[in-house]
Every structure is written in structure tokens, then in C-alpha cells.
Amino acid sequence: MTNQYRINEQIRVREIRLVGDDGSTVLPTRQALDMARQKGVDLVEISPNAQPPVCRLIDYSKFLYQQKKRQKEMKAKQVKIEVKEIRFGPQTGENDYNFKLKHAKEFLEEGNKVRAFVFFRGRSILFKEQGEVLLLRFANDLEEYGKVEQLPKLEGKKMAIFIAPKKAGVVKKSQQKMDRERREAEAKENSSLFEDVETASGLLANAKISEAALKKLQESEE
């Protein structure tokens, strides 16, 4: 960065545009250098491609420090996106699948990309269609968390799919999940209604039994 800007005697054009808090003005470079000496600062060329080049009267070492600090802050604000890999076999079991699906959701929620692939060993390449189905199912199960960047593609002994995280915010529910939740809610409501009817029937039966017992008691007293 030290060599990125020309300063003082390194500025050899005839005139420059001097900018400051009070505006800008075009003046001979020699005059600007004299002003810099009088103020005990440096004449720094900050925009060499402008016509004429744009300069400022500043403390060069302080200017460099501020530039480095700004770059450091910008770098810290940049979101570091990693690509997390998840490996399957062509005949992955359900428990193993669900375990890896859970991790993929966590990766996407953290803002990382997921590269899921099926590795075919030897004759298992005969099951490449099965591997493709597995990866498409995987992408479908992650539709609330990420979007497919690259569909399953066979490269050598690997078939891979790339899934990128969705933008931060509220995760939208798929229509399929909303329908499933609605059905579960209806089933729960129907179950609760059945229990109420069953309870009411029980109370009614007890009431009839009590009425019969009372009648029998009255007959025995007579």
C-alpha cells in the first residue's frame, strides 16, 4: 500500500485538483506542495486517472493507517462461505440418510453451501440411477433451507449435487409440509372430538345404570 499512492515530489504533473473539507480547486502542483510544507502535511495523489489528478493535503502515515483499518473492517464484514461435503453410498440406509440430512440443514442455516455426492466403488457404478434418485430426494428434503445450484452430475466415480443456502430470513414452508401439518391438525382435532363423544357416552351410560339401580332399590323397599 505504501507504493500505491504518489506523494509530494513524486507527483510530477503540472497541475492538480486539490480537495478538502471546504471543496476543491485546480492549482499548480508547485503551489500545492508549498501549502503542504507550510501545514506540515503531505500532498497525496488519491485519484491519478482524473483530469487533472485529484490530491489531498493529509498526514500520509495517518492516511495509510486509516486505509488499512478500513480494509480490515471490510474484510471482517465479508461473509465467509464454505462448501461442506456430505458423502453417500449408492445404498445408504435410512438412519444414515437422516443423520446426514440433519447436518446438511445445519450447514445451510449457517450460510454454507453443501456438496452432496454419491461415491461408486467398482461394480456399484451400475446403481448410478439409484444414486441420482438419492441426491434428488436429498435436495427435495432441503428445499426449505437451500436451492439447487447444480443438478446431479456424474464425474468419474462420483455423482454430485450442489445446494446453496437461501437468503437469511424466515424459512418458508413448502406446500407439502403445510398440507401435512394441516392434516395432522385435523387428525388431532378429530381425535379430541372422538374422546369427547366417548366421554359423553360413558357419562350417559353411567346415568342410565344409576337410574336403573335407584328403581331397583325403591322396589326392594316396597
# chains A, B, ... in the order shown; residues from 1 in each chain; ligands from 1
>>> residues_around(residues="stretch 34-51 of chain A", least_positions_apart="6", cutoff="7 Å", atoms="only C-alpha atoms", output="PyMOL selection string")
chain A and resi 5-8+57-60
>>> select_by_dssp(residues="stretch 43-163 of chain A", states="alpha helix (DSSP H)", output="PyMOL selection string")
chain A and resi 60-77+94-109+128-141
>>> atom_distance(atom1="atom CA of A:Ile163", atom2="atom CA of A:Glu149")
5.4 Å
>>> residues_around(residues="A:Lys113", least_positions_apart="3", cutoff="8 Å", atoms="only C-alpha atoms", output="PyMOL selection string")
chain A and resi 81-84+107-108+162-165
>>> write_last_selection(atoms="C-alpha atoms", output="mmCIF file, in the first residue's frame")
data_model
loop_
_atom_site.group_PDB
_atom_site.id
_atom_site.type_symbol
_atom_site.label_atom_id
_atom_site.label_comp_id
_atom_site.auth_asym_id
_atom_site.auth_seq_id
_atom_site.Cartn_x
_atom_site.Cartn_y
_atom_site.Cartn_z
ATOM 1 C CA ILE A 81 -18.973 -19.120 2.671
ATOM 2 C CA GLU A 82 -17.591 -22.623 2.903
ATOM 3 C CA VAL A 83 -18.517 -25.685 0.892
ATOM 4 C CA LYS A 84 -19.397 -28.569 3.190
ATOM 5 C CA PHE A 107 -24.677 -26.213 7.276
ATOM 6 C CA LEU A 108 -27.209 -24.329 5.139
ATOM 7 C CA PHE A 162 -24.582 -28.524 -5.198
ATOM 8 C CA ILE A 163 -27.037 -26.803 -2.843
ATOM 9 C CA ALA A 164 -26.692 -23.131 -1.856
ATOM 10 C CA PRO A 165 -28.297 -21.581 1.238
#
>>> residues_around(residues="A:Gly89", least_positions_apart="4", cutoff="7 Å", atoms="only C-alpha atoms", output="MDAnalysis selection string")
chainID A and resid 118:120
>>> write_last_selection(atoms="C-alpha atoms", output="PDB file, in the first residue's frame")
ATOM      1  CA  VAL A 118     -22.539 -40.490  -4.077  1.00  0.00           C
ATOM      2  CA  PHE A 119     -19.307 -42.416  -4.452  1.00  0.00           C
ATOM      3  CA  PHE A 120     -19.450 -45.548  -6.571  1.00  0.00           C
TER       4      PHE A 120
END
>>> atom_distance(atom1="atom CA of A:Pro53", atom2="atom CA of A:Gln71")
23.3 Å
>>> closest_residue(among="A:Arg17, A:Lys157, A:Lys100, A:Arg70", to="A:Arg56", atoms="only C-alpha atoms")
A:Arg17
>>> atom_distance(atom1="atom CA of A:Ala139", atom2="atom CA of A:Lys102")
12.5 Å
>>> closest_residue(among="A:Gly111, A:Gly156, A:Pro52, A:Gly131", to="A:Thr29", atoms="only C-alpha atoms")
A:Pro52
